[in-house]
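As structure tokens, the structure follows; a few thoughts come after it.
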Amino acid sequence: MISMTITMLLVLTYSVSGANFVSNEQVEQSDSFSKYHESKMPELDYYDDYEALRSTTKAVVVYPIFTQSAYEWGGFHDFYAGYCDSCLKITIQDYYEKTFASSGNGYRILEFLGYEVIDDIDLDKNPAILEKFDIVILLHNEFVTRAEFEAITNHPKVIYLYPHALSSEVKTNYSENTISLIRGPGFPDDDIINGFDWEFDNTEYFSDWSCMNWQFYEITNGYMLNCYPETELPHYGHNILKTIKTL
């Protein structure tokens with residue numbers, strides 16, 4: 001009874017004095033929203049800078065639907081990781097899951113900023129589509145077809161926003177809605193470094209997720225970022241996106 005009386009007196013005292021309370025439940029809800037916002041709604045951080053960062057040129061983003069599919073259970077990623085000996089053909093997913101492997105944050109932010117979006121399927125079926133655009137922005141397009149590779153590397157201005165792109169060759173079968181792994185790092189031969197033997201393979205930067213010393217460096221047909229920006233885009237994305245517009 002004494003304990004209950006003291007508790008009631010404290011509640012009444014703070015109520016009368018007009019103090020504002022934040023319950024543990026409210027704090028947890030707030031923290032949960034903050035985490036959800038950062039992981040699922042990163043574009044919310046770009047409302048204030050929308051006019052400065054929005055797309056103002058004929059630019060297109062290529063969503064890596066083949067790579068998203070490859071990283072699903074039983075996909076090529078499991079084959080490379082040694083979890084599966086026969087995961088060399090997978091179903092192409094029919095939705096944008098926007099995961100870490102498929103650079104979901106980058107996709108959401110760039111789409112919000114008005115960049116036009118196509119995906120691997122669009123590009124594979126119609127490689128000439130890139131001729132409509134002055135700038136092509138690649139995400140983590142790790143698994144691509146030969147047609148995609150040729151179209152991208154022959155375009156005069158590509159922003160390679162994520163390292164480890166264009167590292168493995170796949171073949172499509174649209175009647176089956178599948179892709180098959182043809183050639184990639186260590187497959188089918190151990191000495192293969194890049195599935196296309198591409199001289200600008202930048203897989204060495206794939207493990208840098210902090211992007212503390214990020215910078216773009218120039219190659220023959222564009223610019224490459226020297227880190228994997230997916231987790232840090234909400235923190236450094238404003239400056240990275242401002243830089244893209246000046247390249």
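How things are named: the first chain in the structure tokens is A, the next is B, and so on; residues count from 1 in each chain; ligands count from 1 in the order shown.
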
Spatial neighbours of Ile92 (chain A), 7 Å, only C-alpha atoms, chain gap at least 5 places, as a ChimeraX atom specification: /A:66,69,177-179

Report as a PyMOL selection string all protein, DNA and RNA residues lying within 10 Å of Pro156 (chain A), evaluated on only C-alpha atoms, omitting residues in the same chain fewer than 5 positions from it. chain A and resi 131+134-136+220-222

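Neighbouring residues of Thr56 (chain A) at 12 Å or closer, counting only C-alpha atoms and skipping chain neighbours under 6 positions away, are Tyr50, Leu113, Gly114, Tyr115, Glu116, Phe133, Asp134, Ile135, Lys242, Ile244, Lys245 and Thr246 of chain A.
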
Would you output that residue set with C-alpha atoms, as a short mmCIF file (atom, residue, chain, number, x, y, z; two decimals), in the first residue's frame?
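Okay, selection_37.cif is ready:
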data_model
loop_
_atom_site.label_atom_id
_atom_site.label_comp_id
_atom_site.auth_asym_id
_atom_site.auth_seq_id
_atom_site.Cartn_x
_atom_site.Cartn_y
_atom_site.Cartn_z
CA TYR A 50 15.70 17.15 -53.14
CA LEU A 113 15.45 11.72 -56.73
CA GLY A 114 13.84 11.25 -60.12
CA TYR A 115 16.36 9.03 -61.87
CA GLU A 116 14.80 6.78 -64.47
CA PHE A 133 20.78 8.34 -71.94
CA ASP A 134 23.76 10.61 -71.36
CA ILE A 135 24.65 8.91 -68.07
CA LYS A 242 26.36 15.87 -55.32
CA ILE A 244 27.91 12.40 -59.25
CA LYS A 245 26.26 15.48 -60.71
CA THR A 246 29.62 17.14 -61.26
#

Using only C-alpha atoms, determine which residues lie at most 7 Å from Gln215 (chain A), disregarding the query and same-chain residues fewer than 2 positions distant; provide the list as a PyMOL selection string. chain A and resi 213+217+225-226

Region 76-105 of chain A near region 166-169 of chain A within 12 Å: what's each residue's closest atom pair and its distance in Å to one decimal, counting only C-alpha atoms, ordered by chain then ascending residue number, as CSV?
residue,atom,partner,partner_atom,distance
A:Phe76,CA,A:Ser168,CA,10.1
A:His77,CA,A:Ser168,CA,11.2
A:Tyr80,CA,A:Ser168,CA,11.3
A:Leu88,CA,A:Glu169,CA,11.6

Expected file: the selected residues, C-alpha atoms, as an mmCIF file, in the first residue's frame:
data_model
loop_
_atom_site.group_PDB
_atom_site.id
_atom_site.type_symbol
_atom_site.label_atom_id
_atom_site.label_comp_id
_atom_site.auth_asym_id
_atom_site.auth_seq_id
_atom_site.Cartn_x
_atom_site.Cartn_y
_atom_site.Cartn_z
ATOM 1 C CA PHE A 76 24.910 -18.553 -57.374
ATOM 2 C CA HIS A 77 26.057 -16.957 -54.149
ATOM 3 C CA TYR A 80 30.435 -19.551 -54.626
ATOM 4 C CA LEU A 88 24.154 -22.934 -61.491
#

From the list A:Ile159, A:Ile90, A:Ile129, A:Ala101, which residue is nearest Ile219 (chain A) when using only C-alpha atoms? A:Ile159

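Among the residues of region 54-101 of chain A, backbone DSSP assigns strand (DSSP E) to A:Ala59, A:Val60, A:Val61, A:Val62, A:Tyr63, A:Lys89, A:Ile90, A:Thr91.
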
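Distances from A:Phe112, A:Ile118, A:His140, A:Glu150 to Asp45 (chain A) were compared using only C-alpha atoms, and the smallest one belongs to A:Phe112.
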
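Put simply, CA of Asp208 (chain A) is 21.3 Å away from CA of Tyr63 (chain A).
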
Within 10 Å of region 93-99 of chain A using only C-alpha atoms, minus same-chain residues under 5 positions, as a VMD selection string: chain A and resid 39 to 40 63 to 72 104 to 108 119 177 to 178 230

Writing out the chosen residues with N, CA and C atoms as a PDB file, in the first residue's frame:
ATOM      1  N   SER A  39      16.778   1.544 -42.595  1.00  0.00           N
ATOM      2  CA  SER A  39      16.954   0.339 -43.391  1.00  0.00           C
ATOM      3  C   SER A  39      15.960   0.220 -44.536  1.00  0.00           C
ATOM      4  N   LYS A  40      14.745   0.767 -44.367  1.00  0.00           N
ATOM      5  CA  LYS A  40      13.711   0.573 -45.368  1.00  0.00           C
ATOM      6  C   LYS A  40      13.258   1.865 -46.059  1.00  0.00           C
ATOM      7  N   TYR A  63      18.742  -1.410 -62.329  1.00  0.00           N
ATOM      8  CA  TYR A  63      18.494  -2.214 -61.135  1.00  0.00           C
ATOM      9  C   TYR A  63      18.979  -3.648 -61.361  1.00  0.00           C
ATOM     10  N   PRO A  64      19.763  -4.214 -60.426  1.00  0.00           N
ATOM     11  CA  PRO A  64      20.382  -5.540 -60.620  1.00  0.00           C
ATOM     12  C   PRO A  64      19.474  -6.711 -60.231  1.00  0.00           C
ATOM     13  N   ILE A  65      18.424  -6.921 -61.007  1.00  0.00           N
ATOM     14  CA  ILE A  65      17.494  -7.991 -60.672  1.00  0.00           C
ATOM     15  C   ILE A  65      18.154  -9.367 -60.802  1.00  0.00           C
ATOM     16  N   PHE A  66      19.126  -9.520 -61.700  1.00  0.00           N
ATOM     17  CA  PHE A  66      19.829 -10.803 -61.808  1.00  0.00           C
ATOM     18  C   PHE A  66      20.665 -11.066 -60.551  1.00  0.00           C
ATOM     19  N   THR A  67      21.313 -10.027 -60.050  1.00  0.00           N
ATOM     20  CA  THR A  67      22.125 -10.185 -58.839  1.00  0.00           C
ATOM     21  C   THR A  67      21.239 -10.441 -57.632  1.00  0.00           C
ATOM     22  N   GLN A  68      20.113  -9.749 -57.548  1.00  0.00           N
ATOM     23  CA  GLN A  68      19.172 -10.019 -56.458  1.00  0.00           C
ATOM     24  C   GLN A  68      18.765 -11.486 -56.468  1.00  0.00           C
ATOM     25  N   SER A  69      18.463 -12.012 -57.646  1.00  0.00           N
ATOM     26  CA  SER A  69      18.058 -13.411 -57.774  1.00  0.00           C
ATOM     27  C   SER A  69      19.201 -14.341 -57.386  1.00  0.00           C
ATOM     28  N   ALA A  70      20.415 -13.976 -57.784  1.00  0.00           N
ATOM     29  CA  ALA A  70      21.580 -14.830 -57.534  1.00  0.00           C
ATOM     30  C   ALA A  70      21.894 -14.988 -56.053  1.00  0.00           C
ATOM     31  N   TYR A  71      21.496 -13.994 -55.251  1.00  0.00           N
ATOM     32  CA  TYR A  71      21.802 -14.030 -53.824  1.00  0.00           C
ATOM     33  C   TYR A  71      20.699 -14.681 -52.990  1.00  0.00           C
ATOM     34  N   GLU A  72      19.669 -15.169 -53.636  1.00  0.00           N
ATOM     35  CA  GLU A  72      18.636 -15.904 -52.906  1.00  0.00           C
ATOM     36  C   GLU A  72      19.156 -17.286 -52.526  1.00  0.00           C
ATOM     37  N   GLY A 104      19.737  -1.995 -52.424  1.00  0.00           N
ATOM     38  CA  GLY A 104      18.393  -1.465 -52.226  1.00  0.00           C
ATOM     39  C   GLY A 104      18.345  -0.013 -51.801  1.00  0.00           C
ATOM     40  N   ASN A 105      19.257   0.400 -50.920  1.00  0.00           N
ATOM     41  CA  ASN A 105      19.270   1.809 -50.494  1.00  0.00           C
ATOM     42  C   ASN A 105      19.568   2.729 -51.661  1.00  0.00           C
ATOM     43  N   GLY A 106      20.578   2.356 -52.445  1.00  0.00           N
ATOM     44  CA  GLY A 106      20.927   3.176 -53.596  1.00  0.00           C
ATOM     45  C   GLY A 106      19.775   3.295 -54.570  1.00  0.00           C
ATOM     46  N   TYR A 107      19.108   2.182 -54.823  1.00  0.00           N
ATOM     47  CA  TYR A 107      17.960   2.197 -55.725  1.00  0.00           C
ATOM     48  C   TYR A 107      16.851   3.109 -55.216  1.00  0.00           C
ATOM     49  N   ARG A 108      16.502   2.959 -53.941  1.00  0.00           N
ATOM     50  CA  ARG A 108      15.386   3.739 -53.383  1.00  0.00           C
ATOM     51  C   ARG A 108      15.687   5.230 -53.442  1.00  0.00           C
ATOM     52  N   ASP A 119      16.010  -2.325 -65.615  1.00  0.00           N
ATOM     53  CA  ASP A 119      16.680  -3.430 -64.921  1.00  0.00           C
ATOM     54  C   ASP A 119      17.432  -4.295 -65.920  1.00  0.00           C
ATOM     55  N   ASN A 177      12.277 -18.475 -67.602  1.00  0.00           N
ATOM     56  CA  ASN A 177      12.466 -17.407 -66.613  1.00  0.00           C
ATOM     57  C   ASN A 177      13.644 -17.724 -65.682  1.00  0.00           C
ATOM     58  N   THR A 178      14.779 -18.101 -66.301  1.00  0.00           N
ATOM     59  CA  THR A 178      15.960 -18.468 -65.520  1.00  0.00           C
ATOM     60  C   THR A 178      17.208 -17.781 -66.070  1.00  0.00           C
ATOM     61  N   GLU A 230      26.396   0.996 -49.603  1.00  0.00           N
ATOM     62  CA  GLU A 230      25.020   0.653 -49.245  1.00  0.00           C
ATOM     63  C   GLU A 230      24.627   1.051 -47.828  1.00  0.00           C
TER      64      GLU A 230
END

Here CA of Arg146 (chain A) and CA of Cys227 (chain A) stand apart by 25.0 Å

Please identify all polymer residues within 12 Å of Ile192 (chain A), counting only C-alpha atoms, omitting same-chain residues fewer than 6 positions from it, and present them as a PyMOL selection string. chain A and resi 167-169+182-186+198+201

Restrict the selected residues to C-alpha atoms and save them as a tab-separated table (two decimals), in the first residue's frame.
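again_12.tsv, written as the output of this step:
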chain	number	residue	atom	x	y	z
A	167	SER	CA	32.20	-9.64	-62.48
A	168	SER	CA	30.21	-12.71	-63.61
A	169	GLU	CA	28.61	-13.67	-66.91
A	182	ILE	CA	28.49	-19.14	-67.41
A	183	ARG	CA	31.74	-17.68	-66.12
A	184	GLY	CA	32.89	-15.83	-63.02
A	185	PRO	CA	35.65	-15.53	-60.43
A	186	GLY	CA	37.02	-19.06	-59.94
A	198	TRP	CA	37.54	-7.02	-67.65
A	201	ASP	CA	37.37	-5.12	-62.28
